[in-house]
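Asker: One file is attached below, run_15.cif, containing mmCIF, C-alpha atoms and all ligand atoms.
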data_input
loop_
_atom_site.group_PDB
_atom_site.id
_atom_site.type_symbol
_atom_site.label_atom_id
_atom_site.label_comp_id
_atom_site.auth_asym_id
_atom_site.auth_seq_id
_atom_site.Cartn_x
_atom_site.Cartn_y
_atom_site.Cartn_z
ATOM 1 C CA MET R 12 -138.840 -82.616 121.152
ATOM 2 C CA SER R 13 -141.464 -82.427 123.901
ATOM 3 C CA ASP R 14 -144.899 -84.062 123.637
ATOM 4 C CA ASN R 15 -146.475 -80.682 122.977
ATOM 5 C CA LYS R 16 -147.456 -80.753 119.293
ATOM 6 C CA LYS R 17 -149.662 -77.673 119.170
ATOM 7 C CA ILE R 18 -149.133 -75.046 116.504
ATOM 8 C CA LEU R 19 -151.021 -71.778 116.769
ATOM 9 C CA VAL R 20 -151.384 -69.816 113.527
ATOM 10 C CA THR R 21 -152.287 -66.107 113.785
ATOM 11 C CA GLY R 22 -153.869 -64.115 110.952
ATOM 12 C CA SER R 23 -155.224 -67.384 109.609
ATOM 13 C CA ASP R 24 -157.708 -65.784 107.190
ATOM 14 C CA GLY R 25 -154.954 -64.234 105.062
ATOM 15 C CA GLN R 26 -153.602 -65.922 101.923
ATOM 16 C CA LEU R 27 -150.732 -67.636 103.748
ATOM 17 C CA GLY R 28 -152.912 -68.600 106.719
ATOM 18 C CA LYS R 29 -155.522 -70.137 104.434
ATOM 19 C CA THR R 30 -152.870 -72.003 102.465
ATOM 20 C CA LEU R 31 -151.465 -73.446 105.697
ATOM 21 C CA GLN R 32 -154.976 -74.522 106.718
ATOM 22 C CA LYS R 33 -155.587 -76.256 103.411
ATOM 23 C CA ARG R 34 -152.156 -77.843 103.145
ATOM 24 C CA CYS R 35 -151.204 -78.687 106.715
ATOM 25 C CA SER R 36 -154.317 -78.938 108.894
ATOM 26 C CA GLY R 37 -154.233 -82.212 110.828
ATOM 27 C CA LYS R 38 -150.938 -83.230 109.192
ATOM 28 C CA TYR R 39 -147.343 -84.022 110.188
ATOM 29 C CA GLY R 40 -148.440 -85.230 113.641
ATOM 30 C CA PHE R 41 -149.177 -81.688 114.802
ATOM 31 C CA ASP R 42 -152.318 -80.205 116.255
ATOM 32 C CA TRP R 43 -152.902 -77.058 114.185
ATOM 33 C CA ILE R 44 -154.956 -74.211 115.681
ATOM 34 C CA PHE R 45 -155.939 -71.472 113.263
ATOM 35 C CA LEU R 46 -157.031 -68.117 114.668
ATOM 36 C CA PRO R 47 -158.221 -65.288 112.382
ATOM 37 C CA LYS R 48 -158.075 -61.647 113.473
ATOM 38 C CA GLU R 49 -161.618 -61.817 114.867
ATOM 39 C CA LYS R 50 -160.479 -64.488 117.366
ATOM 40 C CA LEU R 51 -156.976 -63.159 118.058
ATOM 41 C CA ASP R 52 -155.968 -59.576 117.412
ATOM 42 C CA ILE R 53 -152.189 -59.442 117.900
ATOM 43 C CA ILE R 54 -152.343 -55.750 118.823
ATOM 44 C CA GLN R 55 -154.214 -56.798 121.982
ATOM 45 C CA ALA R 56 -151.655 -58.327 124.359
ATOM 46 C CA ASP R 57 -154.415 -59.672 126.614
ATOM 47 C CA GLU R 58 -155.938 -61.612 123.698
ATOM 48 C CA ILE R 59 -152.577 -63.276 123.029
ATOM 49 C CA GLN R 60 -152.204 -64.112 126.719
ATOM 50 C CA ALA R 61 -155.691 -65.672 126.735
ATOM 51 C CA ALA R 62 -155.001 -67.711 123.586
ATOM 52 C CA PHE R 63 -151.693 -69.032 124.945
ATOM 53 C CA LYS R 64 -153.280 -69.826 128.291
ATOM 54 C CA LYS R 65 -155.971 -71.802 126.475
ATOM 55 C CA TYR R 66 -153.797 -73.638 123.931
ATOM 56 C CA ASN R 67 -150.230 -73.518 125.313
ATOM 57 C CA PRO R 68 -148.774 -73.924 121.799
ATOM 58 C CA LYS R 69 -145.261 -75.231 121.171
ATOM 59 C CA PHE R 70 -145.100 -73.152 117.976
ATOM 60 C CA CYS R 71 -146.652 -69.867 116.934
ATOM 61 C CA ILE R 72 -146.658 -69.054 113.211
ATOM 62 C CA ASN R 73 -147.351 -65.368 112.783
ATOM 63 C CA CYS R 74 -149.232 -64.847 109.519
ATOM 64 C CA ALA R 75 -150.913 -61.716 110.886
ATOM 65 C CA ALA R 76 -149.705 -58.491 109.333
ATOM 66 C CA PHE R 77 -150.769 -55.182 107.859
ATOM 67 C CA THR R 78 -149.675 -55.989 104.309
ATOM 68 C CA ASP R 79 -151.089 -53.187 102.154
ATOM 69 C CA VAL R 80 -148.061 -51.144 101.059
ATOM 70 C CA LEU R 81 -150.064 -48.105 99.919
ATOM 71 C CA LYS R 82 -152.357 -48.060 102.949
ATOM 72 C CA SER R 83 -149.310 -48.294 105.216
ATOM 73 C CA GLU R 84 -148.270 -44.858 103.924
ATOM 74 C CA ASN R 85 -151.688 -43.421 104.765
ATOM 75 C CA GLN R 86 -152.296 -45.381 107.983
ATOM 76 C CA PRO R 87 -148.766 -45.650 109.415
ATOM 77 C CA LEU R 88 -149.978 -45.950 113.001
ATOM 78 C CA LEU R 89 -152.084 -49.030 112.306
ATOM 79 C CA ALA R 90 -149.258 -50.546 110.235
ATOM 80 C CA PHE R 91 -146.855 -49.883 113.129
ATOM 81 C CA LYS R 92 -149.217 -51.269 115.740
ATOM 82 C CA THR R 93 -149.742 -54.462 113.751
ATOM 83 C CA ASN R 94 -146.289 -55.096 112.315
ATOM 84 C CA VAL R 95 -144.222 -53.882 115.271
ATOM 85 C CA GLU R 96 -146.282 -53.722 118.474
ATOM 86 C CA GLY R 97 -148.221 -56.881 117.590
ATOM 87 C CA VAL R 98 -144.982 -58.745 116.908
ATOM 88 C CA LYS R 99 -143.490 -57.522 120.188
ATOM 89 C CA ASN R 100 -146.593 -58.782 122.013
ATOM 90 C CA LEU R 101 -146.290 -62.187 120.382
ATOM 91 C CA THR R 102 -142.556 -62.420 121.083
ATOM 92 C CA ARG R 103 -143.017 -61.672 124.784
ATOM 93 C CA VAL R 104 -145.778 -64.241 125.236
ATOM 94 C CA CYS R 105 -143.846 -66.851 123.232
ATOM 95 C CA ASN R 106 -140.905 -66.293 125.599
ATOM 96 C CA ASP R 107 -143.164 -66.661 128.645
ATOM 97 C CA TYR R 108 -144.580 -69.939 127.336
ATOM 98 C CA GLU R 109 -141.273 -71.190 125.877
ATOM 99 C CA SER R 110 -142.955 -71.326 122.470
ATOM 100 C CA ILE R 111 -141.066 -71.188 119.208
ATOM 101 C CA LEU R 112 -142.032 -68.131 117.179
ATOM 102 C CA ILE R 113 -142.020 -68.337 113.392
ATOM 103 C CA HIS R 114 -142.444 -64.848 112.036
ATOM 104 C CA ILE R 115 -142.853 -63.959 108.354
ATOM 105 C CA SER R 116 -141.073 -60.955 106.885
ATOM 106 C CA THR R 117 -140.474 -59.429 103.506
ATOM 107 C CA ASP R 118 -138.071 -58.445 100.718
ATOM 108 C CA TYR R 119 -139.328 -54.860 101.229
ATOM 109 C CA ILE R 120 -136.918 -54.443 104.142
ATOM 110 C CA PHE R 121 -134.227 -54.042 101.448
ATOM 111 C CA ASP R 122 -133.624 -50.949 99.311
ATOM 112 C CA GLY R 123 -133.155 -52.800 96.027
ATOM 113 C CA THR R 124 -129.748 -51.371 95.129
ATOM 114 C CA LYS R 125 -127.933 -54.739 94.938
ATOM 115 C CA LYS R 126 -127.170 -56.331 91.593
ATOM 116 C CA ARG R 127 -127.705 -59.898 92.830
ATOM 117 C CA PRO R 128 -130.418 -61.567 94.923
ATOM 118 C CA TYR R 129 -130.451 -60.599 98.586
ATOM 119 C CA LEU R 130 -128.984 -63.006 101.123
ATOM 120 C CA GLU R 131 -130.101 -63.521 104.704
ATOM 121 C CA ASN R 132 -127.316 -61.378 106.193
ATOM 122 C CA ASP R 133 -127.523 -58.455 103.748
ATOM 123 C CA LYS R 134 -128.133 -55.068 105.314
ATOM 124 C CA ALA R 135 -131.721 -53.826 105.574
ATOM 125 C CA ASN R 136 -132.684 -50.345 104.411
ATOM 126 C CA PRO R 137 -136.444 -50.098 103.880
ATOM 127 C CA LEU R 138 -137.761 -47.500 101.440
ATOM 128 C CA ASN R 139 -141.372 -47.257 102.580
ATOM 129 C CA LYS R 140 -143.447 -47.396 105.759
ATOM 130 C CA TYR R 141 -144.597 -50.994 105.265
ATOM 131 C CA GLY R 142 -140.966 -52.080 104.822
ATOM 132 C CA MET R 143 -139.881 -50.090 107.873
ATOM 133 C CA THR R 144 -142.569 -51.597 110.126
ATOM 134 C CA LYS R 145 -141.717 -55.109 108.928
ATOM 135 C CA TYR R 146 -138.023 -54.440 109.535
ATOM 136 C CA LEU R 147 -138.640 -53.207 113.079
ATOM 137 C CA GLY R 148 -140.823 -56.246 113.778
ATOM 138 C CA GLU R 149 -138.244 -58.755 112.596
ATOM 139 C CA LYS R 150 -135.438 -56.883 114.421
ATOM 140 C CA TYR R 151 -137.347 -57.214 117.676
ATOM 141 C CA VAL R 152 -137.770 -60.948 117.142
ATOM 142 C CA VAL R 153 -134.087 -61.429 116.299
ATOM 143 C CA GLU R 154 -132.987 -59.494 119.377
ATOM 144 C CA ASN R 155 -135.560 -60.721 121.877
ATOM 145 C CA ALA R 156 -137.117 -64.082 121.008
ATOM 146 C CA ILE R 157 -135.568 -66.876 123.040
ATOM 147 C CA PHE R 158 -136.375 -69.228 120.195
ATOM 148 C CA GLY R 159 -137.485 -67.489 117.024
ATOM 149 C CA TYR R 160 -137.261 -67.773 113.271
ATOM 150 C CA ILE R 161 -137.703 -65.050 110.691
ATOM 151 C CA ILE R 162 -138.723 -66.303 107.285
ATOM 152 C CA ARG R 163 -138.484 -63.605 104.646
ATOM 153 C CA THR R 164 -140.427 -64.062 101.473
ATOM 154 C CA SER R 165 -141.002 -62.019 98.335
ATOM 155 C CA TRP R 166 -143.971 -61.175 96.086
ATOM 156 C CA LEU R 167 -146.200 -63.704 97.809
ATOM 157 C CA TYR R 168 -149.206 -64.973 95.884
ATOM 158 C CA SER R 169 -151.829 -67.671 96.115
ATOM 159 C CA LYS R 170 -153.812 -68.856 93.103
ATOM 160 C CA ASN R 171 -156.710 -69.731 95.405
ATOM 161 C CA PHE R 172 -156.894 -67.252 98.252
ATOM 162 C CA GLY R 173 -156.760 -63.581 99.031
ATOM 163 C CA TYR R 174 -155.959 -60.341 97.365
ATOM 164 C CA ASN R 175 -152.706 -60.636 95.440
ATOM 165 C CA PHE R 176 -151.032 -59.797 92.144
ATOM 166 C CA TYR R 177 -151.741 -63.183 90.564
ATOM 167 C CA ARG R 178 -155.477 -62.998 91.230
ATOM 168 C CA ASN R 179 -155.667 -59.294 90.349
ATOM 169 C CA ILE R 180 -154.140 -59.944 86.930
ATOM 170 C CA LEU R 181 -156.493 -62.881 86.365
ATOM 171 C CA ARG R 182 -159.484 -60.717 87.279
ATOM 172 C CA ALA R 183 -158.344 -57.982 84.887
ATOM 173 C CA ALA R 184 -157.569 -60.527 82.155
ATOM 174 C CA SER R 185 -161.057 -61.990 82.340
ATOM 175 C CA ASN R 186 -162.424 -58.542 81.430
ATOM 176 C CA GLY R 187 -160.519 -58.795 78.146
ATOM 177 C CA LYS R 188 -158.862 -55.388 78.489
ATOM 178 C CA GLU R 189 -155.282 -54.187 78.153
ATOM 179 C CA ILE R 190 -153.433 -54.286 81.468
ATOM 180 C CA LYS R 191 -150.773 -51.770 82.502
ATOM 181 C CA VAL R 192 -148.025 -53.319 84.618
ATOM 182 C CA VAL R 193 -144.791 -51.990 86.125
ATOM 183 C CA LYS R 194 -141.710 -53.023 84.143
ATOM 184 C CA ASP R 195 -138.853 -51.664 86.277
ATOM 185 C CA GLN R 196 -139.176 -53.608 89.548
ATOM 186 C CA TYR R 197 -137.757 -57.111 89.862
ATOM 187 C CA GLY R 198 -138.450 -59.794 92.461
ATOM 188 C CA THR R 199 -138.982 -63.488 93.032
ATOM 189 C CA PRO R 200 -142.706 -64.345 92.990
ATOM 190 C CA THR R 201 -143.392 -66.923 95.685
ATOM 191 C CA ASN R 202 -146.362 -69.249 95.793
ATOM 192 C CA THR R 203 -147.885 -69.528 99.285
ATOM 193 C CA GLU R 204 -147.761 -73.328 98.901
ATOM 194 C CA LYS R 205 -143.970 -73.220 98.642
ATOM 195 C CA LEU R 206 -143.794 -71.001 101.713
ATOM 196 C CA ALA R 207 -146.198 -73.242 103.673
ATOM 197 C CA ASP R 208 -143.980 -76.247 102.886
ATOM 198 C CA PHE R 209 -140.866 -74.319 103.917
ATOM 199 C CA ILE R 210 -142.464 -73.365 107.247
ATOM 200 C CA THR R 211 -143.371 -77.005 107.840
ATOM 201 C CA LYS R 212 -139.789 -78.006 107.064
ATOM 202 C CA ILE R 213 -138.536 -75.543 109.681
ATOM 203 C CA ILE R 214 -140.952 -76.930 112.267
ATOM 204 C CA ILE R 215 -139.931 -80.503 111.586
ATOM 205 C CA SER R 216 -136.177 -79.982 111.254
ATOM 206 C CA LEU R 217 -135.694 -77.126 113.769
ATOM 207 C CA PRO R 218 -132.522 -75.632 112.280
ATOM 208 C CA LYS R 219 -130.550 -73.047 114.278
ATOM 209 C CA LYS R 220 -132.608 -69.989 115.158
ATOM 210 C CA GLY R 221 -132.279 -66.976 112.891
ATOM 211 C CA ILE R 222 -133.262 -65.559 109.507
ATOM 212 C CA TYR R 223 -134.127 -67.677 106.456
ATOM 213 C CA HIS R 224 -135.184 -66.682 102.971
ATOM 214 C CA CYS R 225 -137.890 -68.582 101.103
ATOM 215 C CA ALA R 226 -138.691 -67.353 97.603
ATOM 216 C CA GLY R 227 -139.483 -68.568 94.110
ATOM 217 C CA GLU R 228 -136.634 -69.637 91.836
ATOM 218 C CA GLU R 229 -137.190 -67.161 89.004
ATOM 219 C CA VAL R 230 -136.263 -63.490 89.053
ATOM 220 C CA MET R 231 -138.679 -61.399 86.994
ATOM 221 C CA SER R 232 -140.372 -58.009 86.700
ATOM 222 C CA TRP R 233 -144.053 -57.458 87.501
ATOM 223 C CA TYR R 234 -144.516 -57.044 83.741
ATOM 224 C CA GLU R 235 -142.930 -60.439 83.030
ATOM 225 C CA PHE R 236 -144.906 -62.016 85.856
ATOM 226 C CA ALA R 237 -148.178 -60.605 84.447
ATOM 227 C CA ASN R 238 -147.375 -62.030 81.006
ATOM 228 C CA LYS R 239 -146.699 -65.403 82.584
ATOM 229 C CA ILE R 240 -150.013 -65.376 84.455
ATOM 230 C CA VAL R 241 -151.973 -64.415 81.361
ATOM 231 C CA GLU R 242 -150.291 -67.099 79.221
ATOM 232 C CA GLU R 243 -150.623 -69.777 81.900
ATOM 233 C CA ASN R 244 -154.380 -69.160 81.985
ATOM 234 C CA ASN R 245 -154.816 -69.008 78.201
ATOM 235 C CA TYR R 246 -155.786 -65.359 78.019
ATOM 236 C CA SER R 247 -154.493 -63.124 75.252
ATOM 237 C CA ASN R 248 -154.698 -59.661 76.808
ATOM 238 C CA LYS R 249 -152.107 -57.116 75.843
ATOM 239 C CA ILE R 250 -149.868 -56.278 78.804
ATOM 240 C CA ILE R 251 -148.500 -52.744 78.605
ATOM 241 C CA PRO R 252 -145.202 -52.105 80.412
ATOM 242 C CA VAL R 253 -145.192 -48.887 82.442
ATOM 243 C CA SER R 254 -142.695 -47.106 84.670
ATOM 244 C CA SER R 255 -143.068 -47.383 88.442
ATOM 245 C CA GLN R 256 -142.754 -43.599 88.616
ATOM 246 C CA SER R 257 -146.459 -43.334 87.882
ATOM 247 C CA PHE R 258 -147.178 -45.215 91.142
ATOM 248 C CA GLY R 259 -147.131 -43.365 94.460
ATOM 249 C CA VAL R 260 -145.144 -45.465 96.930
ATOM 250 C CA LYS R 261 -141.406 -46.027 96.620
ATOM 251 C CA ARG R 262 -140.574 -49.734 96.344
ATOM 252 C CA PRO R 263 -137.267 -51.524 95.829
ATOM 253 C CA SER R 264 -136.469 -51.819 92.122
ATOM 254 C CA TYR R 265 -134.649 -55.135 92.656
ATOM 255 C CA SER R 266 -135.497 -57.338 95.662
ATOM 256 C CA PRO R 267 -135.181 -61.028 94.720
ATOM 257 C CA LEU R 268 -134.311 -63.231 97.701
ATOM 258 C CA LYS R 269 -131.919 -66.146 97.759
ATOM 259 C CA ASN R 270 -131.852 -68.850 100.396
ATOM 260 C CA THR R 271 -128.319 -69.764 101.395
ATOM 261 C CA GLU R 272 -129.020 -71.327 104.770
ATOM 262 C CA ILE R 273 -131.120 -74.504 104.216
HETATM 263 N N1 LIG O 301 -148.303 -60.421 100.213
HETATM 264 C C1 LIG O 301 -147.032 -60.297 99.846
HETATM 265 O O1 LIG O 301 -146.709 -60.006 98.682
HETATM 266 C C2 LIG O 301 -145.948 -60.529 100.839
HETATM 267 C C3 LIG O 301 -144.609 -60.440 100.410
HETATM 268 C C4 LIG O 301 -143.596 -60.663 101.329
HETATM 269 C C5 LIG O 301 -143.908 -60.951 102.652
HETATM 270 N N2 LIG O 301 -145.222 -61.016 103.042
HETATM 271 C C6 LIG O 301 -145.491 -61.319 104.453
HETATM 272 O O2 LIG O 301 -146.105 -62.598 104.505
HETATM 273 C C7 LIG O 301 -146.977 -62.663 105.647
HETATM 274 C C8 LIG O 301 -148.328 -63.196 105.213
HETATM 275 O O3 LIG O 301 -148.850 -62.276 104.278
HETATM 276 P P1 LIG O 301 -150.190 -62.523 103.455
HETATM 277 O O4 LIG O 301 -149.895 -62.157 102.062
HETATM 278 O O5 LIG O 301 -150.765 -63.860 103.783
HETATM 279 O O6 LIG O 301 -151.083 -61.370 104.085
HETATM 280 P P2 LIG O 301 -152.653 -61.163 104.047
HETATM 281 O O7 LIG O 301 -153.276 -62.028 103.026
HETATM 282 O O8 LIG O 301 -152.856 -59.683 104.013
HETATM 283 O O9 LIG O 301 -153.064 -61.727 105.474
HETATM 284 C C9 LIG O 301 -152.764 -61.070 106.663
HETATM 285 C C10 LIG O 301 -153.826 -61.453 107.663
HETATM 286 O O10 LIG O 301 -153.521 -60.804 108.914
HETATM 287 C C11 LIG O 301 -154.722 -60.291 109.423
HETATM 288 N N3 LIG O 301 -154.448 -59.228 110.385
HETATM 289 C C12 LIG O 301 -154.231 -57.914 110.169
HETATM 290 N N4 LIG O 301 -154.067 -57.273 111.344
HETATM 291 C C13 LIG O 301 -154.161 -58.216 112.319
HETATM 292 C C14 LIG O 301 -154.107 -58.179 113.729
HETATM 293 N N5 LIG O 301 -153.925 -57.025 114.392
HETATM 294 N N6 LIG O 301 -154.244 -59.332 114.415
HETATM 295 C C15 LIG O 301 -154.460 -60.494 113.766
HETATM 296 N N7 LIG O 301 -154.562 -60.595 112.436
HETATM 297 C C16 LIG O 301 -154.402 -59.459 111.719
HETATM 298 C C17 LIG O 301 -155.477 -59.807 108.217
HETATM 299 O O11 LIG O 301 -156.835 -59.612 108.519
HETATM 300 P P3 LIG O 301 -157.654 -58.441 107.771
HETATM 301 O O12 LIG O 301 -157.441 -58.671 106.304
HETATM 302 O O13 LIG O 301 -159.042 -58.643 108.248
HETATM 303 O O14 LIG O 301 -157.031 -57.149 108.220
HETATM 304 C C18 LIG O 301 -155.237 -60.971 107.255
HETATM 305 O O15 LIG O 301 -156.189 -61.993 107.473
HETATM 306 C C19 LIG O 301 -146.996 -61.240 106.238
HETATM 307 O O16 LIG O 301 -146.113 -61.181 107.317
HETATM 308 C C20 LIG O 301 -146.471 -60.383 105.114
HETATM 309 O O17 LIG O 301 -145.855 -59.209 105.593
HETATM 310 C C21 LIG O 301 -146.234 -60.826 102.168
#
Transcribe the structure of this file into C-alpha cells.
Answerer:
Amino acid sequence: MSDNKKILVTGSDGQLGKTLQKRCSGKYGFDWIFLPKEKLDIIQADEIQAAFKKYNPKFCINCAAFTDVLKSENQPLLAFKTNVEGVKNLTRVCNDYESILIHISTDYIFDGTKKRPYLENDKANPLNKYGMTKYLGEKYVVENAIFGYIIRTSWLYSKNFGYNFYRNILRAASNGKEIKVVKDQYGTPTNTEKLADFITKIIISLPKKGIYHCAGEEVMSWYEFANKIVEENNYSNKIIPVSSQSFGVKRPSYSPLKNTEI
C-alpha cells in the first residue's frame, strides 16, 4: 500500500462515528480524521472537495446518513439528498482522489420475505423510503466507485453513544414502567464496536471490492432483544409484546444478515 495512511470519517458524531473515534483514533498506524456534519456536510459537493483537497485521504468511511426510518417517510427529500446525493458526491470525489470508499448500508434494503438470513448477493427490495434511499446509495457505489466497499449492517446499537434501541429501552426501564415492544420483526442486533472492528479489518486486509455483511450472531425479535437488555442491566420491567401493525412505517419482518464473504 502507498505511504498515505489518512482515513477520513464522515458523520463522525453519530453512534458509529463516535465508536470509531473511541476505538480506533490514533491506532493501527493510520491517521484518523473525524469530521461531523458541521464540518463536512456530504450534501454539499464543494465541502467534500475542500475536505479532500485539505486531507487527501487514502480511505473515506462514510458514517453520515439520514437514519430515522419514520422521519424518512415524512422528509423523503432530505433522506434522498443525504443517502443518495450525498453518497454520489462522496463516490465522485473518492474516484478523483483515488481514495477507497467504505460505505455503510442496511438490512432495510431487503423485504424480509426470506426464511433464512440474507446473504450479500440476495436481491434487494426495500419496503420503505429509508430502505429505498439506502439501496440507491449503495447501488451507485457498486456501479461507480473505482474502489469501494459496501458494508451492510443490521439493528445497529451502541451502549455508549447516540439514539438507538438499546439506550431507548434502558431509558424506559429506568422509569420502572411496562414497555411495549414489537414481537413480529426479526433481525441481528449489531454492536457498533463489532462493526468498527470489521471496518478496520477491511482497511487492513483490503479484500476484493464489493458488498460485505457485518451483523451480530444472534437472530431475535425486538421483543426478545428488549428482554435481553433489561435482564443484562438488572431491571425487572415487564416487556409487553405488541404487533408491528400498530406502528406506522412498513419494515421487513425478517432481516437478519449473514456474512459469507470474510
Ligand atoms: N442505526 C441503525 O440501526 C442502523 C442499521 C443498519 C445500518 N445503519 C447504517 O449505519 C450507518 C451509521 O449509522 P448510525 O446508527 O451511526 O447513524 P447516526 O447515529 O444517525 O449517525 C449519522 C450521523 O450522520 C450525520 N449526518 C446526517 N446528515 C449528514 C450530512 N448531510 N452530512 C454529514 N453528516 C450527516 C448525523 O448528524 P445529525 O444527527 O446532526 O443529523 C449523524 O451524526 C448509516 O449508514 C446507517 O444507515 C444503521
Asker: Apply the PyMOL selection byres (((not hetatm)) within 9 of (chain O and resi 301)) to the structure shown and report the selected residues as an mmCIF file with C-alpha atoms, in the coordinates of the input.
Answerer:
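The file below, result_12.cif, is the result:
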data_model
loop_
_atom_site.group_PDB
_atom_site.id
_atom_site.type_symbol
_atom_site.label_atom_id
_atom_site.label_comp_id
_atom_site.auth_asym_id
_atom_site.auth_seq_id
_atom_site.Cartn_x
_atom_site.Cartn_y
_atom_site.Cartn_z
ATOM 1 C CA THR R 21 -152.287 -66.107 113.785
ATOM 2 C CA GLY R 22 -153.869 -64.115 110.952
ATOM 3 C CA SER R 23 -155.224 -67.384 109.609
ATOM 4 C CA ASP R 24 -157.708 -65.784 107.190
ATOM 5 C CA GLY R 25 -154.954 -64.234 105.062
ATOM 6 C CA GLN R 26 -153.602 -65.922 101.923
ATOM 7 C CA LEU R 27 -150.732 -67.636 103.748
ATOM 8 C CA GLY R 28 -152.912 -68.600 106.719
ATOM 9 C CA LYS R 29 -155.522 -70.137 104.434
ATOM 10 C CA THR R 30 -152.870 -72.003 102.465
ATOM 11 C CA LEU R 46 -157.031 -68.117 114.668
ATOM 12 C CA PRO R 47 -158.221 -65.288 112.382
ATOM 13 C CA LYS R 48 -158.075 -61.647 113.473
ATOM 14 C CA GLU R 49 -161.618 -61.817 114.867
ATOM 15 C CA LYS R 50 -160.479 -64.488 117.366
ATOM 16 C CA LEU R 51 -156.976 -63.159 118.058
ATOM 17 C CA ASP R 52 -155.968 -59.576 117.412
ATOM 18 C CA ILE R 53 -152.189 -59.442 117.900
ATOM 19 C CA ILE R 54 -152.343 -55.750 118.823
ATOM 20 C CA GLN R 55 -154.214 -56.798 121.982
ATOM 21 C CA ASN R 73 -147.351 -65.368 112.783
ATOM 22 C CA CYS R 74 -149.232 -64.847 109.519
ATOM 23 C CA ALA R 75 -150.913 -61.716 110.886
ATOM 24 C CA ALA R 76 -149.705 -58.491 109.333
ATOM 25 C CA PHE R 77 -150.769 -55.182 107.859
ATOM 26 C CA THR R 78 -149.675 -55.989 104.309
ATOM 27 C CA ASP R 79 -151.089 -53.187 102.154
ATOM 28 C CA LEU R 89 -152.084 -49.030 112.306
ATOM 29 C CA ALA R 90 -149.258 -50.546 110.235
ATOM 30 C CA LYS R 92 -149.217 -51.269 115.740
ATOM 31 C CA THR R 93 -149.742 -54.462 113.751
ATOM 32 C CA ASN R 94 -146.289 -55.096 112.315
ATOM 33 C CA GLY R 97 -148.221 -56.881 117.590
ATOM 34 C CA HIS R 114 -142.444 -64.848 112.036
ATOM 35 C CA ILE R 115 -142.853 -63.959 108.354
ATOM 36 C CA SER R 116 -141.073 -60.955 106.885
ATOM 37 C CA THR R 117 -140.474 -59.429 103.506
ATOM 38 C CA ASP R 118 -138.071 -58.445 100.718
ATOM 39 C CA TYR R 119 -139.328 -54.860 101.229
ATOM 40 C CA TYR R 141 -144.597 -50.994 105.265
ATOM 41 C CA GLY R 142 -140.966 -52.080 104.822
ATOM 42 C CA LYS R 145 -141.717 -55.109 108.928
ATOM 43 C CA ILE R 162 -138.723 -66.303 107.285
ATOM 44 C CA ARG R 163 -138.484 -63.605 104.646
ATOM 45 C CA THR R 164 -140.427 -64.062 101.473
ATOM 46 C CA SER R 165 -141.002 -62.019 98.335
ATOM 47 C CA TRP R 166 -143.971 -61.175 96.086
ATOM 48 C CA LEU R 167 -146.200 -63.704 97.809
ATOM 49 C CA TYR R 168 -149.206 -64.973 95.884
ATOM 50 C CA SER R 169 -151.829 -67.671 96.115
ATOM 51 C CA PHE R 172 -156.894 -67.252 98.252
ATOM 52 C CA GLY R 173 -156.760 -63.581 99.031
ATOM 53 C CA TYR R 174 -155.959 -60.341 97.365
ATOM 54 C CA ASN R 175 -152.706 -60.636 95.440
ATOM 55 C CA PHE R 176 -151.032 -59.797 92.144
ATOM 56 C CA PRO R 200 -142.706 -64.345 92.990
ATOM 57 C CA THR R 201 -143.392 -66.923 95.685
ATOM 58 C CA THR R 203 -147.885 -69.528 99.285
#
Asker: Enter the distance from atom CA of R:Leu268 to atom CA of R:Glu131, in Å, rounded to one decimal.
Answerer: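 Distance between the two atoms: 8.2 Å.
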Asker: With the PyMOL selection byres (((chain R and resi 160) around 12) and not hetatm) as the selection, what would be picked from this file? Answer as an NGL selection string, please.
Answerer: :R and (70-73 or 102 or 105 or 110-116 or 131 or 149-159 or 161-163 or 209-210 or 213-214 or 217-224)
Asker: If the PyMOL selection byres (((chain R and resi 125) around 10) and not hetatm) were run on this exact file, what residues would it hold? Put them as a list in words.
Answerer: Phe121, Asp122, Gly123, Thr124, Lys126, Arg127, Pro128, Tyr129, Asp133, Pro263, Ser264, Tyr265, Ser266 and Pro267 of chain R
Asker: Would you please work out which residue, of R:Pro68, R:Pro137, R:Ile44, R:Val104, is nearest to R:Ala56 when using all atoms listed in the file?
Answerer: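 Checking each candidate against R:Ala56, we get R:Val104 as the closest.
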Asker: Under the rule that only C-alpha atoms are counted, which of R:Ser36, R:Asn245, R:Ser255, R:Asn139 is the nearest residue to R:Asn85?
Answerer: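 Checking each of R:Ser36, R:Asn245, R:Ser255, R:Asn139 against R:Asn85, counting only C-alpha atoms, the winner is R:Asn139.
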Asker: Take atom CA of R:Gln86 and atom CA of R:Leu138 and report the distance between them in Å, one decimal.
Answerer: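 Atom CA of R:Leu138 lies 16.1 Å from atom CA of R:Gln86.
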Asker: For R:Leu81, please output as a PDB file with C-alpha atoms, in the frame of the given file all residues within 8 Å (counting all atoms listed in the file; exclusion window: fewer than 3 positions along the same chain).
Answerer:
ATOM      1  CA  GLU R  84    -148.270 -44.858 103.924  1.00  0.00           C
ATOM      2  CA  ASN R  85    -151.688 -43.421 104.765  1.00  0.00           C
ATOM      3  CA  GLY R 259    -147.131 -43.365  94.460  1.00  0.00           C
ATOM      4  CA  VAL R 260    -145.144 -45.465  96.930  1.00  0.00           C
TER       5      VAL R 260
END
Asker: Which is closest to R:Asn248 among R:Ser185, R:Thr199, R:Thr144, R:Ser83, if we use all atoms listed in the file?
Answerer: R:Ser185
Asker: Which value, in Å to one decimal, gives the distance between atom CA of R:Gln196 and atom CA of R:Ile251?
Answerer: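 Atom CA of R:Ile251 lies at a distance of 14.4 Å from atom CA of R:Gln196.
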Asker: Hey, which of R:Val230, R:Val80, R:Val193, R:Leu101 ends up closest to R:Leu19? Count all atoms listed in the file.
Answerer: R:Leu101
Asker: Counting all atoms listed in the file, figure out which residue out of R:Val192, R:Ile215, R:Val241, R:Val95 gets nearest to R:Arg178.
Answerer: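 The shortest atom-to-atom distance to R:Arg178 comes from R:Val241.
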Asker: Fewer than 6 positions away in the same chain doesn't count, so skip those; otherwise give me all residues within 12 Å of R:Tyr246, counting all atoms listed in the file, as number ranges by chain.
Answerer: R: 180-190, 237-240
Asker: For each of R:Asn132, R:Thr211, R:Ser254, R:Asn106, take the minimum atom-to-atom distance to R:Trp233, counting all atoms listed in the file, then give the residue where this is smallest.
Answerer: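 So, comparing all the options, the nearest one is R:Ser254.
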